[in-house]
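Data file: entry-v8.cif. Format and content: mmCIF, C-alpha atoms.
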```cif
data_work
loop_
_atom_site.group_PDB
_atom_site.id
_atom_site.type_symbol
_atom_site.label_atom_id
_atom_site.label_comp_id
_atom_site.auth_asym_id
_atom_site.auth_seq_id
_atom_site.Cartn_x
_atom_site.Cartn_y
_atom_site.Cartn_z
ATOM 1 C CA MET A 749 11.485 17.701 10.159
ATOM 2 C CA SER A 750 8.107 16.299 9.260
ATOM 3 C CA GLU A 751 4.788 17.064 10.858
ATOM 4 C CA LYS A 752 3.575 14.499 13.371
ATOM 5 C CA ILE A 753 -0.083 13.838 14.164
ATOM 6 C CA PHE A 754 -1.527 11.505 16.784
ATOM 7 C CA VAL A 755 -5.053 10.265 16.105
ATOM 8 C CA ASP A 756 -7.435 7.984 17.956
ATOM 9 C CA GLY A 757 -8.974 6.117 15.050
ATOM 10 C CA SER A 758 -10.218 9.246 13.244
ATOM 11 C CA TYR A 759 -7.930 10.275 10.373
ATOM 12 C CA PRO A 760 -7.580 13.788 8.897
ATOM 13 C CA ILE A 761 -8.369 12.642 5.343
ATOM 14 C CA ASP A 762 -8.188 16.133 3.797
ATOM 15 C CA LYS A 763 -4.793 16.883 5.344
ATOM 16 C CA ILE A 764 -3.300 13.534 4.309
ATOM 17 C CA ALA A 765 -4.757 13.866 0.805
ATOM 18 C CA ASP A 766 -3.252 17.356 0.440
ATOM 19 C CA VAL A 767 0.214 16.029 1.308
ATOM 20 C CA LEU A 768 -0.186 13.168 -1.178
ATOM 21 C CA VAL A 769 -1.482 15.373 -3.998
ATOM 22 C CA GLY A 770 1.425 17.753 -3.356
ATOM 23 C CA GLY A 771 3.905 14.946 -4.001
ATOM 24 C CA GLY A 772 4.672 14.367 -0.325
ATOM 25 C CA ILE A 773 5.331 11.211 1.631
ATOM 26 C CA VAL A 774 3.074 10.053 4.482
ATOM 27 C CA ILE A 775 3.862 7.360 7.020
ATOM 28 C CA MET A 776 0.722 5.901 8.562
ATOM 29 C CA PRO A 777 -0.957 2.624 9.430
ATOM 30 C CA SER A 778 -2.623 0.610 6.747
ATOM 31 C CA ASP A 779 -5.084 -2.182 7.346
ATOM 32 C CA THR A 780 -2.142 -4.524 7.904
ATOM 33 C CA ILE A 781 1.049 -2.697 9.012
ATOM 34 C CA TYR A 782 2.510 0.820 9.023
ATOM 35 C CA GLY A 783 3.597 1.919 5.593
ATOM 36 C CA PHE A 784 4.830 4.719 3.407
ATOM 37 C CA LEU A 785 1.964 6.161 1.386
ATOM 38 C CA PHE A 786 2.662 8.322 -1.668
ATOM 39 C CA THR A 787 1.837 8.924 -5.313
ATOM 40 C CA GLU A 788 3.915 8.385 -8.419
ATOM 41 C CA ALA A 789 5.415 11.863 -7.924
ATOM 42 C CA ALA A 790 7.319 10.706 -4.816
ATOM 43 C CA ALA A 791 8.274 7.189 -5.977
ATOM 44 C CA ASP A 792 11.921 8.006 -6.723
ATOM 45 C CA LYS A 793 12.294 9.817 -3.394
ATOM 46 C CA VAL A 794 10.907 6.831 -1.442
ATOM 47 C CA ARG A 795 13.135 4.449 -3.399
ATOM 48 C CA GLU A 796 16.153 6.548 -2.446
ATOM 49 C CA LEU A 797 15.305 6.922 1.252
ATOM 50 C CA LYS A 798 14.603 3.194 1.668
ATOM 51 C CA LYS A 799 17.771 2.338 -0.292
ATOM 52 C CA ARG A 800 15.525 0.228 -2.488
ATOM 53 C CA ASP A 801 16.385 -1.241 -5.875
ATOM 54 C CA ASN A 802 13.975 -1.142 -8.812
ATOM 55 C CA LYS A 803 11.578 -3.584 -7.156
ATOM 56 C CA PRO A 804 8.043 -2.321 -7.864
ATOM 57 C CA PHE A 805 5.936 -0.703 -5.163
ATOM 58 C CA LEU A 806 2.522 -1.839 -4.022
ATOM 59 C CA PHE A 807 -0.530 -0.055 -5.422
ATOM 60 C CA PHE A 808 -3.648 0.670 -3.343
ATOM 61 C CA ILE A 809 -6.870 0.999 -5.315
ATOM 62 C CA SER A 810 -10.395 1.737 -4.111
ATOM 63 C CA ASP A 811 -12.264 -0.015 -6.927
ATOM 64 C CA ILE A 812 -11.500 -3.000 -9.176
ATOM 65 C CA LYS A 813 -12.152 -0.725 -12.174
ATOM 66 C CA GLN A 814 -8.883 1.096 -11.378
ATOM 67 C CA LEU A 815 -7.002 -1.995 -12.568
ATOM 68 C CA GLU A 816 -7.697 -0.666 -16.075
ATOM 69 C CA ASP A 817 -5.547 2.394 -15.250
ATOM 70 C CA LEU A 818 -2.689 0.129 -14.151
ATOM 71 C CA LYS A 819 -2.883 -1.809 -17.414
ATOM 72 C CA VAL A 820 -2.519 -5.165 -15.683
ATOM 73 C CA ASN A 821 -3.837 -8.478 -16.983
ATOM 74 C CA TYR A 822 -6.650 -9.031 -14.492
ATOM 75 C CA LYS A 823 -9.697 -10.017 -16.549
ATOM 76 C CA PRO A 824 -9.026 -13.799 -16.507
ATOM 77 C CA PHE A 825 -9.036 -13.599 -12.696
ATOM 78 C CA ILE A 826 -12.037 -11.339 -12.089
ATOM 79 C CA GLY A 827 -13.912 -14.117 -10.245
ATOM 80 C CA ILE A 828 -11.066 -14.606 -7.754
ATOM 81 C CA LEU A 829 -10.735 -10.844 -7.264
ATOM 82 C CA GLU A 830 -14.448 -10.369 -6.613
ATOM 83 C CA LYS A 831 -14.423 -13.188 -4.014
ATOM 84 C CA ASN A 832 -11.366 -11.885 -2.130
ATOM 85 C CA TRP A 833 -11.433 -8.100 -2.483
ATOM 86 C CA PRO A 834 -11.673 -5.937 -0.556
ATOM 87 C CA GLY A 835 -9.409 -7.805 1.782
ATOM 88 C CA ALA A 836 -5.908 -8.502 3.061
ATOM 89 C CA PHE A 837 -4.632 -9.705 -0.307
ATOM 90 C CA THR A 838 -1.912 -8.388 -2.540
ATOM 91 C CA PHE A 839 -2.437 -9.753 -6.029
ATOM 92 C CA ILE A 840 0.513 -9.719 -8.389
ATOM 93 C CA PHE A 841 -0.484 -9.259 -12.014
ATOM 94 C CA ASP A 842 1.383 -9.394 -15.312
ATOM 95 C CA ASN A 843 1.830 -6.092 -17.130
ATOM 96 C CA ALA A 844 1.834 -5.672 -20.888
ATOM 97 C CA ASP A 845 5.548 -4.743 -20.808
ATOM 98 C CA GLY A 846 6.596 -8.018 -19.167
ATOM 99 C CA THR A 847 6.873 -6.611 -15.621
ATOM 100 C CA THR A 848 4.500 -7.290 -12.734
ATOM 101 C CA SER A 849 2.453 -5.127 -10.367
ATOM 102 C CA GLY A 850 1.271 -5.868 -6.825
ATOM 103 C CA VAL A 851 -2.155 -4.401 -6.063
ATOM 104 C CA ARG A 852 -4.358 -4.237 -2.953
ATOM 105 C CA LEU A 853 -7.975 -3.240 -2.538
ATOM 106 C CA PRO A 854 -8.165 -2.942 1.247
ATOM 107 C CA VAL A 855 -11.197 -3.279 3.468
ATOM 108 C CA TRP A 856 -10.110 -0.260 5.476
ATOM 109 C CA ASN A 857 -12.176 2.777 4.471
ATOM 110 C CA VAL A 858 -9.378 5.259 5.304
ATOM 111 C CA LEU A 859 -7.201 4.042 2.428
ATOM 112 C CA ASN A 860 -10.177 3.885 0.086
ATOM 113 C CA GLU A 861 -11.232 7.437 1.020
ATOM 114 C CA LEU A 862 -7.684 8.690 0.409
ATOM 115 C CA SER A 863 -7.583 7.064 -3.010
ATOM 116 C CA GLN A 864 -10.946 8.605 -3.899
ATOM 117 C CA LYS A 865 -10.088 12.026 -2.409
ATOM 118 C CA THR A 866 -6.766 12.301 -4.243
ATOM 119 C CA GLY A 867 -8.157 10.863 -7.461
ATOM 120 C CA LYS A 868 -4.946 8.849 -7.696
ATOM 121 C CA ILE A 869 -3.780 5.308 -7.324
ATOM 122 C CA LEU A 870 -1.728 5.295 -4.149
ATOM 123 C CA TYR A 871 1.699 3.707 -3.862
ATOM 124 C CA SER A 872 2.862 1.999 -0.708
ATOM 125 C CA THR A 873 5.695 0.043 0.839
ATOM 126 C CA SER A 874 6.540 -1.043 4.365
ATOM 127 C CA VAL A 875 8.275 1.355 6.729
ATOM 128 C CA ASN A 876 11.820 0.030 6.794
ATOM 129 C CA PHE A 877 15.099 0.171 4.982
ATOM 130 C CA SER A 878 15.201 -2.439 2.222
ATOM 131 C CA GLY A 879 16.140 -5.853 3.501
ATOM 132 C CA GLU A 880 15.240 -5.046 7.119
ATOM 133 C CA PRO A 881 12.060 -6.020 9.008
ATOM 134 C CA PRO A 882 9.120 -3.590 8.843
ATOM 135 C CA LEU A 883 8.827 -1.088 11.691
ATOM 136 C CA ASP A 884 5.480 -0.967 13.486
ATOM 137 C CA ASN A 885 6.373 0.991 16.610
ATOM 138 C CA PRO A 886 5.918 4.789 16.421
ATOM 139 C CA VAL A 887 9.114 5.427 18.429
ATOM 140 C CA ASP A 888 11.195 3.311 16.025
ATOM 141 C CA ILE A 889 9.475 4.777 12.972
ATOM 142 C CA GLU A 890 10.081 8.330 14.134
ATOM 143 C CA ALA A 891 13.733 7.615 14.971
ATOM 144 C CA ALA A 892 14.416 6.159 11.526
ATOM 145 C CA PHE A 893 12.250 8.301 9.246
ATOM 146 C CA ALA A 894 11.061 11.519 10.942
ATOM 147 C CA ASP A 895 13.303 13.665 8.771
ATOM 148 C CA LYS A 896 12.425 11.780 5.583
ATOM 149 C CA ALA A 897 8.605 11.894 5.459
ATOM 150 C CA ASP A 898 6.378 14.953 5.174
ATOM 151 C CA LEU A 899 3.681 13.677 7.533
ATOM 152 C CA LEU A 900 3.715 11.031 10.261
ATOM 153 C CA VAL A 901 0.317 9.784 11.406
ATOM 154 C CA PHE A 902 0.316 7.627 14.525
ATOM 155 C CA ASP A 903 -2.929 6.030 15.624
ATOM 156 C CA GLU A 904 -3.170 5.475 19.376
ATOM 157 C CA LYS A 905 -5.855 2.802 18.763
ATOM 158 C CA TYR A 906 -3.934 1.005 16.038
ATOM 159 C CA VAL A 907 -3.088 -2.642 16.606
ATOM 160 C CA PRO A 908 -0.584 -3.983 14.069
ATOM 161 C CA GLY A 909 -2.045 -6.677 11.913
ATOM 162 C CA THR A 910 -0.623 -9.418 9.799
ATOM 163 C CA ALA A 911 0.893 -8.559 6.447
ATOM 164 C CA SER A 912 -1.297 -9.326 3.462
ATOM 165 C CA THR A 913 -1.391 -12.665 1.689
ATOM 166 C CA VAL A 914 0.498 -12.284 -1.590
ATOM 167 C CA VAL A 915 -0.945 -14.172 -4.547
ATOM 168 C CA ARG A 916 0.523 -14.343 -8.051
ATOM 169 C CA LEU A 917 -2.102 -14.435 -10.804
ATOM 170 C CA SER A 918 -0.641 -15.418 -14.156
ATOM 171 C CA GLU A 919 -2.236 -16.906 -17.255
ATOM 172 C CA THR A 920 0.881 -18.998 -17.847
ATOM 173 C CA ASP A 921 1.554 -20.104 -14.243
ATOM 174 C CA GLY A 922 -1.959 -19.956 -12.763
ATOM 175 C CA VAL A 923 -2.651 -18.998 -9.138
ATOM 176 C CA LYS A 924 0.227 -19.277 -6.680
ATOM 177 C CA ILE A 925 0.429 -18.104 -3.053
ATOM 178 C CA ILE A 926 3.780 -16.327 -2.616
ATOM 179 C CA ARG A 927 3.344 -15.396 1.054
ATOM 180 C CA SER A 928 0.708 -16.455 3.558
ATOM 181 C CA GLY A 929 -0.652 -13.579 5.567
ATOM 182 C CA GLY A 930 -3.874 -12.042 6.786
ATOM 183 C CA GLY A 931 -6.180 -13.427 4.121
ATOM 184 C CA ARG A 932 -7.342 -16.953 3.211
ATOM 185 C CA LEU A 933 -7.769 -17.236 -0.539
ATOM 186 C CA ILE A 934 -11.151 -18.218 -1.938
ATOM 187 C CA LEU A 935 -10.920 -19.661 -5.447
#
```

Could you rewrite the structure in this file as structure tokens?
Amino acid sequence: MSEKIFVDGSYPIDKIADVLVGGGIVIMPSDTIYGFLFTEAAADKVRELKKRDNKPFLFFISDIKQLEDLKVNYKPFIGILEKNWPGAFTFIFDNADGTTSGVRLPVWNVLNELSQKTGKILYSTSVNFSGEPPLDNPVDIEAAFADKADLLVFDEKYVPGTASTVVRLSETDGVKIIRSGGGRLIL
């Protein structure tokens, strides 16, 4: 059974960071919806518990410079990134190996503090089983995943938002909105 914490807008950054650095899985709100938050060490475990295929996870960064660590092709799009980040955008970039990566630089300081505190790029995905709608109600989340996550953080002041706008940035295909969401793209 995982540990459950109720907060009122103030997050225990050190506690969450310790779980993440230790390879654990945290379920908590993001700036858009509730999500799994973890590091590369727990990626296979999250994939298994969500019954997820090899679809890549989302990366949270706290600074555009971290895109260098992800080795994504972002430099041709730096102007778009600087106009829209931080914000409710997931940008999908090409990787050198022919795959793609979805990356967010959120406005919400909690995620940015966690990224800085852990010193790691954080992985995320919605709280659901693959193919099902995301869960945003603490009762439903606890019923489905309480025994699968190390830490559940429920914010009594949290109001679910709109999922991020997903934008594909490709030198060959240009800029393409994949999913409309919480952000309006500025080119």

- Run the PyMOL selection byres ((chain A and resi 915) around 6) on the file and write out the hits as a PyMOL selection string. chain A and resi 839+914+916+924-926

- Using all atoms listed in the file, find the one residue out of A:Leu883, A:Ala789, A:Ile812, A:Val907 that sits nearest to Asp756 (chain A).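 Distance minimum relative to Asp756 (chain A) lands on A:Val907.
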
- Residue nearest Gly867 (chain A) - candidates A:Asp801, A:Glu880, A:Glu919, A:Asp811, atoms counted: all atoms listed in the file: A:Asp811

- All residues 10 Å or closer to Thr848 (chain A), all atoms listed in the file, same chain fewer than 3 positions away omitted, as a count of residues only: 15

- CA of Glu830 (chain A) to CA of Glu816 (chain A), distance in Å rounded to a single decimal: 15.1 Å

- Explicit residues for the PyMOL selection byres ((chain A and resi 901-906) around 12) (as a ChimeraX atom specification): /A:750-761,763-764,767,773-785,884-890,894,897-900,907-909

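Of the residues under consideration (A:Leu829, A:Pro881, A:Ser872, A:Val855), A:Val855 shows the shortest atom-to-atom contact distance to Gly930 (chain A) when counting all atoms listed in the file.
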
- Message: So the first atom is CA of Asp895 (chain A) and the second is CA of Asn857 (chain A); what is the distance between them in Å, to one decimal place?
- Response: 28.0 Å

- Query: What gap, in Å, lies between CA of Pro824 (chain A) and CA of Thr847 (chain A)?
  - Reply: 17.5 Å

- Item | Minimum-distance residue to Val794 (chain A), chosen among A:Thr910, A:Gly771, A:Ile826, A:Arg852 (using all atoms listed in the file) |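 Closest to Val794 (chain A) of all the choices is A:Gly771.
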